[in-house]
$ cat run.txt   # compact mmCIF, C-alpha atoms and all ligand atoms
# COMPACT_ATOMS: atom_id res chain seq x y z
CA MET A 1 -20.56 51.01 74.61
CA ILE A 2 -23.62 50.64 76.78
CA ASN A 3 -26.94 51.36 75.11
CA VAL A 4 -30.20 51.85 76.96
CA ALA A 5 -33.29 51.91 74.70
CA ILE A 6 -36.49 53.53 75.94
CA ASP A 7 -39.62 53.34 73.81
CA GLY A 8 -43.22 54.22 74.45
CA PRO A 9 -46.15 56.37 73.38
CA ALA A 10 -46.29 60.17 73.43
CA GLY A 11 -46.55 61.76 76.85
CA ALA A 12 -45.29 58.79 78.87
CA GLY A 13 -42.52 61.00 80.26
CA LYS A 14 -39.84 59.43 78.10
CA SER A 15 -37.83 62.59 77.43
CA SER A 16 -37.72 64.00 80.95
CA LEU A 17 -37.07 60.63 82.54
CA SER A 18 -34.50 59.56 79.95
CA ARG A 19 -32.65 62.85 80.33
CA LEU A 20 -32.36 62.46 84.11
CA LEU A 21 -31.49 58.80 83.82
CA ALA A 22 -28.71 59.65 81.36
CA ASN A 23 -27.43 62.34 83.75
CA LYS A 24 -27.26 59.87 86.60
CA LEU A 25 -25.46 57.30 84.50
CA GLU A 26 -23.28 59.97 82.85
CA TYR A 27 -24.39 58.78 79.42
CA ILE A 28 -25.54 60.89 76.49
CA TYR A 29 -29.28 61.34 76.17
CA VAL A 30 -30.53 61.04 72.59
CA ASP A 31 -34.07 62.21 71.89
CA THR A 32 -34.84 60.64 68.51
CA GLY A 33 -38.32 62.21 68.35
CA ALA A 34 -36.53 65.54 67.86
CA LEU A 35 -35.07 64.22 64.60
CA TYR A 36 -38.51 63.30 63.26
CA ARG A 37 -39.80 66.66 64.42
CA ALA A 38 -37.02 68.49 62.58
CA VAL A 39 -37.73 66.54 59.39
CA GLY A 40 -41.43 67.36 59.86
CA LEU A 41 -40.54 71.04 60.20
CA LYS A 42 -38.60 70.94 56.96
CA PHE A 43 -41.66 69.57 55.16
CA SER A 44 -44.05 72.08 56.69
CA ASN A 45 -41.66 74.95 55.87
CA LEU A 46 -41.87 73.79 52.27
CA GLY A 47 -45.67 73.94 52.39
CA PHE A 48 -46.39 70.22 52.77
CA THR A 49 -49.38 69.18 54.89
CA THR A 50 -49.64 65.95 56.90
CA GLU A 51 -50.84 64.25 53.68
CA LEU A 52 -47.27 64.58 52.42
CA VAL A 53 -48.08 64.61 48.75
CA GLY A 54 -44.91 65.18 46.74
CA ASP A 55 -41.36 64.01 46.20
CA ILE A 56 -40.20 63.02 49.68
CA ALA A 57 -36.86 61.63 48.56
CA ALA A 58 -35.99 64.88 46.79
CA VAL A 59 -36.71 66.91 49.94
CA LEU A 60 -34.57 64.58 52.07
CA ALA A 61 -31.72 64.74 49.56
CA ASP A 62 -31.73 68.48 50.11
CA THR A 63 -31.92 68.31 53.92
CA ALA A 64 -28.94 68.74 56.26
CA LEU A 65 -29.75 67.40 59.71
CA ASP A 66 -27.25 67.50 62.49
CA ILE A 67 -27.40 66.70 66.16
CA ARG A 68 -24.96 68.31 68.60
CA PHE A 69 -24.49 67.99 72.32
CA ILE A 70 -23.96 71.40 73.90
CA ASP A 71 -23.21 71.28 77.66
CA GLY A 72 -24.63 67.76 77.62
CA ALA A 73 -27.91 68.91 76.07
CA GLN A 74 -28.98 67.79 72.63
CA ARG A 75 -29.58 70.47 70.02
CA VAL A 76 -30.93 69.75 66.56
CA PHE A 77 -29.79 71.71 63.53
CA LEU A 78 -31.85 71.78 60.36
CA ASP A 79 -30.07 73.20 57.31
CA GLY A 80 -27.66 75.01 59.62
CA ASN A 81 -30.25 76.48 62.00
CA ASP A 82 -30.86 75.41 65.58
CA VAL A 83 -34.52 74.35 65.51
CA SER A 84 -34.58 72.67 68.94
CA ASP A 85 -37.24 75.04 70.25
CA ASP A 86 -39.32 75.43 67.05
CA ILE A 87 -40.07 71.70 66.92
CA ARG A 88 -42.00 71.64 70.20
CA THR A 89 -45.43 72.86 69.06
CA PRO A 90 -48.57 70.69 68.68
CA ALA A 91 -48.46 71.31 64.89
CA ALA A 92 -44.86 70.07 64.79
CA SER A 93 -45.91 66.96 66.75
CA MET A 94 -48.55 66.05 64.18
CA MET A 95 -46.16 66.67 61.30
CA ALA A 96 -43.48 64.55 63.00
CA SER A 97 -45.96 61.70 63.36
CA ALA A 98 -46.87 62.01 59.66
CA VAL A 99 -43.29 62.01 58.34
CA SER A 100 -42.32 59.20 60.68
CA ALA A 101 -44.64 56.84 58.79
CA LYS A 102 -42.62 57.31 55.60
CA PRO A 103 -39.99 54.61 54.96
CA GLU A 104 -37.70 57.14 53.25
CA VAL A 105 -37.66 59.26 56.39
CA ARG A 106 -36.97 56.32 58.69
CA ALA A 107 -34.11 55.14 56.46
CA PHE A 108 -32.73 58.70 56.38
CA LEU A 109 -32.53 58.78 60.20
CA LEU A 110 -31.48 55.20 60.94
CA ASP A 111 -27.70 55.42 60.45
CA MET A 112 -27.50 58.72 62.26
CA GLN A 113 -29.07 57.13 65.36
CA ARG A 114 -26.96 53.97 65.15
CA ASN A 115 -23.72 55.90 64.71
CA ILE A 116 -24.31 57.93 67.86
CA ALA A 117 -25.01 54.75 69.84
CA LYS A 118 -21.91 53.06 68.44
CA ARG A 119 -19.64 55.84 69.68
CA ASN A 120 -21.24 56.71 73.03
CA ASN A 121 -22.89 55.26 76.07
CA VAL A 122 -26.45 56.38 75.45
CA VAL A 123 -29.94 56.49 76.79
CA MET A 124 -31.88 56.74 73.52
CA ASP A 125 -35.62 57.26 73.48
CA GLY A 126 -38.17 56.91 70.70
CA ARG A 127 -40.69 54.44 69.30
CA ASP A 128 -38.56 51.77 67.61
CA ILE A 129 -35.23 51.96 69.43
CA GLY A 130 -35.46 48.53 71.06
CA THR A 131 -37.13 46.90 68.06
CA VAL A 132 -35.29 48.38 65.05
CA VAL A 133 -32.59 50.96 65.76
CA LEU A 134 -30.71 49.16 68.55
CA PRO A 135 -32.00 45.57 68.62
CA ASP A 136 -28.92 44.58 70.68
CA ALA A 137 -29.31 47.31 73.32
CA ASP A 138 -28.09 46.27 76.78
CA VAL A 139 -31.34 47.39 78.41
CA LYS A 140 -34.73 47.91 76.78
CA ILE A 141 -37.61 49.61 78.52
CA PHE A 142 -41.15 50.13 77.24
CA LEU A 143 -42.41 53.14 79.13
CA THR A 144 -46.12 53.79 79.13
CA ALA A 145 -49.07 55.19 81.10
CA ASP A 146 -52.82 55.45 80.66
CA VAL A 147 -53.71 57.81 77.78
CA LYS A 148 -55.65 60.21 80.06
CA VAL A 149 -52.73 60.45 82.45
CA ARG A 150 -50.41 61.14 79.53
CA ALA A 151 -52.74 63.80 78.15
CA GLU A 152 -52.90 65.52 81.57
CA ARG A 153 -49.11 65.60 81.78
CA ARG A 154 -48.73 66.93 78.24
CA LEU A 155 -51.43 69.58 78.85
CA LYS A 156 -49.52 70.85 81.87
CA GLU A 157 -46.30 71.12 79.86
CA LEU A 158 -48.00 72.98 77.00
CA LEU A 159 -49.85 75.40 79.32
CA GLU A 160 -46.58 76.16 81.11
CA LYS A 161 -45.10 77.06 77.73
CA GLY A 162 -48.01 79.43 77.07
CA GLU A 163 -49.72 77.29 74.39
CA LYS A 164 -53.49 77.77 74.30
CA VAL A 165 -54.89 74.25 74.34
CA THR A 166 -57.61 72.32 76.16
CA PHE A 167 -57.49 68.89 77.76
CA GLU A 168 -59.88 67.54 75.09
CA GLU A 169 -57.63 68.77 72.27
CA VAL A 170 -54.53 67.28 73.83
CA LEU A 171 -56.30 63.98 74.52
CA GLU A 172 -57.60 63.80 70.95
CA ASP A 173 -54.15 64.60 69.48
CA MET A 174 -52.61 61.98 71.69
CA LYS A 175 -55.10 59.31 70.62
CA VAL A 176 -54.50 60.13 66.94
CA ARG A 177 -50.74 59.98 67.43
CA ASP A 178 -50.95 56.72 69.40
CA TYR A 179 -52.98 55.23 66.59
CA ASN A 180 -50.70 56.50 63.82
CA ASP A 181 -47.51 55.53 65.63
CA SER A 182 -48.65 52.00 66.42
CA HIS A 183 -50.46 51.22 63.16
CA ARG A 184 -47.97 52.35 60.55
CA ASP A 185 -46.50 49.60 58.36
CA ILE A 186 -42.90 50.39 59.09
CA ALA A 187 -41.31 50.25 62.55
CA PRO A 188 -44.58 50.70 64.44
CA LEU A 189 -44.56 51.51 68.12
CA LYS A 190 -44.56 48.23 69.99
CA GLN A 191 -42.87 46.66 72.96
CA ALA A 192 -39.78 44.61 72.01
CA ASP A 193 -40.04 40.99 73.18
CA ASP A 194 -37.09 41.50 75.51
CA ALA A 195 -38.12 44.94 76.82
CA VAL A 196 -39.17 45.51 80.42
CA LEU A 197 -42.60 47.16 80.74
CA ALA A 198 -42.67 50.26 82.95
CA ASP A 199 -46.18 51.62 83.54
CA THR A 200 -46.08 54.99 85.30
CA SER A 201 -49.86 55.68 85.46
CA ASP A 202 -49.81 55.54 89.26
CA LEU A 203 -46.32 56.86 89.83
CA ASP A 204 -45.13 60.42 90.25
CA PHE A 205 -41.98 61.64 88.53
CA GLU A 206 -39.62 60.56 91.32
CA GLY A 207 -41.24 57.14 91.52
CA SER A 208 -40.97 56.70 87.76
CA LEU A 209 -37.29 57.64 87.80
CA GLU A 210 -36.60 55.17 90.61
CA LEU A 211 -38.35 52.46 88.64
CA LEU A 212 -36.25 53.15 85.55
CA CYS A 213 -33.01 53.29 87.55
CA SER A 214 -33.71 49.93 89.12
CA ILE A 215 -34.51 48.35 85.72
CA VAL A 216 -31.27 49.72 84.26
CA GLN A 217 -29.18 48.66 87.25
CA LYS A 218 -30.51 45.13 86.95
CA GLY A 219 -30.00 45.17 83.19
CA ILE A 220 -26.36 46.28 83.22
CA GLY A 221 -25.55 44.48 86.41
CA ALA A 222 -24.49 47.68 88.20
O1 LIG A 301 -41.26 61.51 71.02
P1 LIG A 301 -41.86 62.64 70.18
O2 LIG A 301 -43.24 63.01 70.58
O3 LIG A 301 -40.95 63.83 70.13
O4 LIG A 301 -41.91 62.05 68.69
C1 LIG A 301 -42.47 62.76 67.62
C2 LIG A 301 -43.00 61.79 66.57
O5 LIG A 301 -41.91 61.11 65.95
C3 LIG A 301 -43.92 60.70 67.11
O6 LIG A 301 -45.25 60.94 66.79
C4 LIG A 301 -43.47 59.43 66.45
C5 LIG A 301 -42.18 59.75 65.78
N1 LIG A 301 -41.06 58.96 66.26
C6 LIG A 301 -40.83 57.75 65.65
O7 LIG A 301 -41.60 57.33 64.80
N2 LIG A 301 -39.75 57.02 65.99
C7 LIG A 301 -38.91 57.45 66.94
N3 LIG A 301 -37.84 56.71 67.25
C8 LIG A 301 -39.15 58.67 67.61
C9 LIG A 301 -40.25 59.41 67.24
$ encode --input "run.txt" --output "structure tokens"
Amino acid sequence: MINVAIDGPAGAGKSSLSRLLANKLEYIYVDTGALYRAVGLKFSNLGFTTELVGDIAAVLADTALDIRFIDGAQRVFLDGNDVSDDIRTPAASMMASAVSAKPEVRAFLLDMQRNIAKRNNVVMDGRDIGTVVLPDADVKIFLTADVKVRAERRLKELLEKGEKVTFEEVLEDMKVRDYNDSHRDIAPLKQADDAVLADTSDLDFEGSLELLCSIVQKGIGA
């Protein structure tokens, strides 16, 4: 199976670019952030805050998480319910970042991610795919952009969805998440030694996609 790992900070365009890349290659696109978001949702539904004080292992033992591909699109099911849309709010983002720092949560999601990659050609995106989840991936890309550019892009997405947020709020959230994601003890966000750096600060969407395609083509010798 061919595995393409794409890591990078929030708002770098990982999901939209990875999805299109996977389409082109006819691979499955796996958005691992959605899994952390669903786990985060479970904890917030139970009344936990981002401090996560309580018995994390007990909650996970009572959590059924499932990922299904419906018409090629990933849907995430939490305890039997499709939560794919509920996990896309700013509050869910912060909760996902909080749970993702917990070793129990990372261990809970590791095999699920590896099993999908073992059985399918995948473009998998996240924070630790090239470093931890798929260290032997055929192609590894570290996708990034300047934090202000990323905040602008995320603001646009949220406004289009009708969320009431300002640029300053989005920028601040993004800085907090960048810090949390890259400073946690376990599987922090960082570029794998053998990953190719793709900086899209000065590229539009089409340009970014072209860049990724050319990296992948070189990487798999297509
Ligand atoms: O990519 P995203 O914004 O949907 O990810 C949500 C959070 O999940 C993010 O703050 C960090 C965490 N995450 C992670 O730690 N490891 C991954 N492979 C994917 C996401």
$ residues_near_ligand --input "run.txt" --ligand "ligand LIG 301 (chain A)" --cutoff "7 Å" --atoms "all atoms listed in the file" --output "PyMOL selection string"
chain A and resi 10+32-34+36-37+93-94+96-97+100-101+125-129+177+181
$ residues_around --input "run.txt" --residues "A:Lys42" --least-positions-apart "4" --cutoff "12 Å" --atoms "only C-alpha atoms" --output "short mmCIF file (atom, residue, chain, number, x, y, z; two decimals) with C-alpha atoms, in the frame of the given file"
data_model
loop_
_atom_site.label_atom_id
_atom_site.label_comp_id
_atom_site.auth_asym_id
_atom_site.auth_seq_id
_atom_site.Cartn_x
_atom_site.Cartn_y
_atom_site.Cartn_z
CA LEU A 35 -35.07 64.22 64.60
CA TYR A 36 -38.51 63.30 63.26
CA ARG A 37 -39.80 66.66 64.42
CA ALA A 38 -37.02 68.49 62.58
CA LEU A 46 -41.87 73.79 52.27
CA GLY A 47 -45.67 73.94 52.39
CA PHE A 48 -46.39 70.22 52.77
CA THR A 49 -49.38 69.18 54.89
CA LEU A 52 -47.27 64.58 52.42
CA ILE A 56 -40.20 63.02 49.68
CA VAL A 59 -36.71 66.91 49.94
CA LEU A 60 -34.57 64.58 52.07
CA ALA A 61 -31.72 64.74 49.56
CA ASP A 62 -31.73 68.48 50.11
CA THR A 63 -31.92 68.31 53.92
CA ALA A 64 -28.94 68.74 56.26
CA LEU A 65 -29.75 67.40 59.71
CA PHE A 77 -29.79 71.71 63.53
CA LEU A 78 -31.85 71.78 60.36
CA ASP A 79 -30.07 73.20 57.31
CA GLY A 80 -27.66 75.01 59.62
CA ASN A 81 -30.25 76.48 62.00
CA VAL A 83 -34.52 74.35 65.51
CA ASP A 86 -39.32 75.43 67.05
CA ILE A 87 -40.07 71.70 66.92
CA ALA A 92 -44.86 70.07 64.79
CA MET A 95 -46.16 66.67 61.30
CA ALA A 96 -43.48 64.55 63.00
CA VAL A 99 -43.29 62.01 58.34
CA VAL A 105 -37.66 59.26 56.39
#
$ residues_around --input "run.txt" --residues "A:Asp138" --least-positions-apart "5" --cutoff "9 Å" --atoms "only C-alpha atoms" --output "list in words"
Ile2, Asn3, Val4, Ala5, Val216, Gly219 and Ile220 of chain A
$ residues_around --input "run.txt" --residues "A:Tyr29" --least-positions-apart "6" --cutoff "10 Å" --atoms "only C-alpha atoms" --output "PyMOL selection string"
chain A and resi 4+15+18-23+69+72-74+120-125
$ atom_distance --input "run.txt" --atom1 "atom CA of A:Phe108" --atom2 "atom CA of A:Glu26"
28.1 Å
$ atom_distance --input "run.txt" --atom1 "atom CA of A:Asp194" --atom2 "atom CA of A:Val149"
25.5 Å
$ residues_around --input "run.txt" --residues "stretch 170-176 of chain A" --least-positions-apart "5" --cutoff "8 Å" --atoms "all atoms listed in the file" --output "short mmCIF file (atom, residue, chain, number, x, y, z; two decimals) with C-alpha atoms, in the coordinates of the input"
data_model
loop_
_atom_site.label_atom_id
_atom_site.label_comp_id
_atom_site.auth_asym_id
_atom_site.auth_seq_id
_atom_site.Cartn_x
_atom_site.Cartn_y
_atom_site.Cartn_z
CA ALA A 10 -46.29 60.17 73.43
CA GLY A 11 -46.55 61.76 76.85
CA MET A 94 -48.55 66.05 64.18
CA VAL A 147 -53.71 57.81 77.78
CA LYS A 148 -55.65 60.21 80.06
CA ALA A 151 -52.74 63.80 78.15
CA GLU A 152 -52.90 65.52 81.57
CA ARG A 154 -48.73 66.93 78.24
CA LEU A 155 -51.43 69.58 78.85
CA VAL A 165 -54.89 74.25 74.34
#
$ atom_distance --input "run.txt" --atom1 "atom CA of A:Ser214" --atom2 "atom CA of A:Pro188"
27.0 Å
$ closest_residue --input "run.txt" --among "A:Phe205, A:Phe142, A:Leu159, A:Asp31" --to "A:Leu189" --atoms "only C-alpha atoms"
A:Phe142
$ axis_aligned_box --input "run.txt" --around "stretch 126-137 of chain A" --padding-each-side "5 Å" --output "AutoDock Vina command-line options"
--center_x -34.8 --center_y 50.7 --center_z 69.2 --size_x 21.8 --size_y 22.3 --size_z 18.3
$ closest_residue --input "run.txt" --among "A:His183, A:Arg88, A:Lys140, A:Lys161" --to "A:Leu41" --atoms "only C-alpha atoms"
A:Arg88
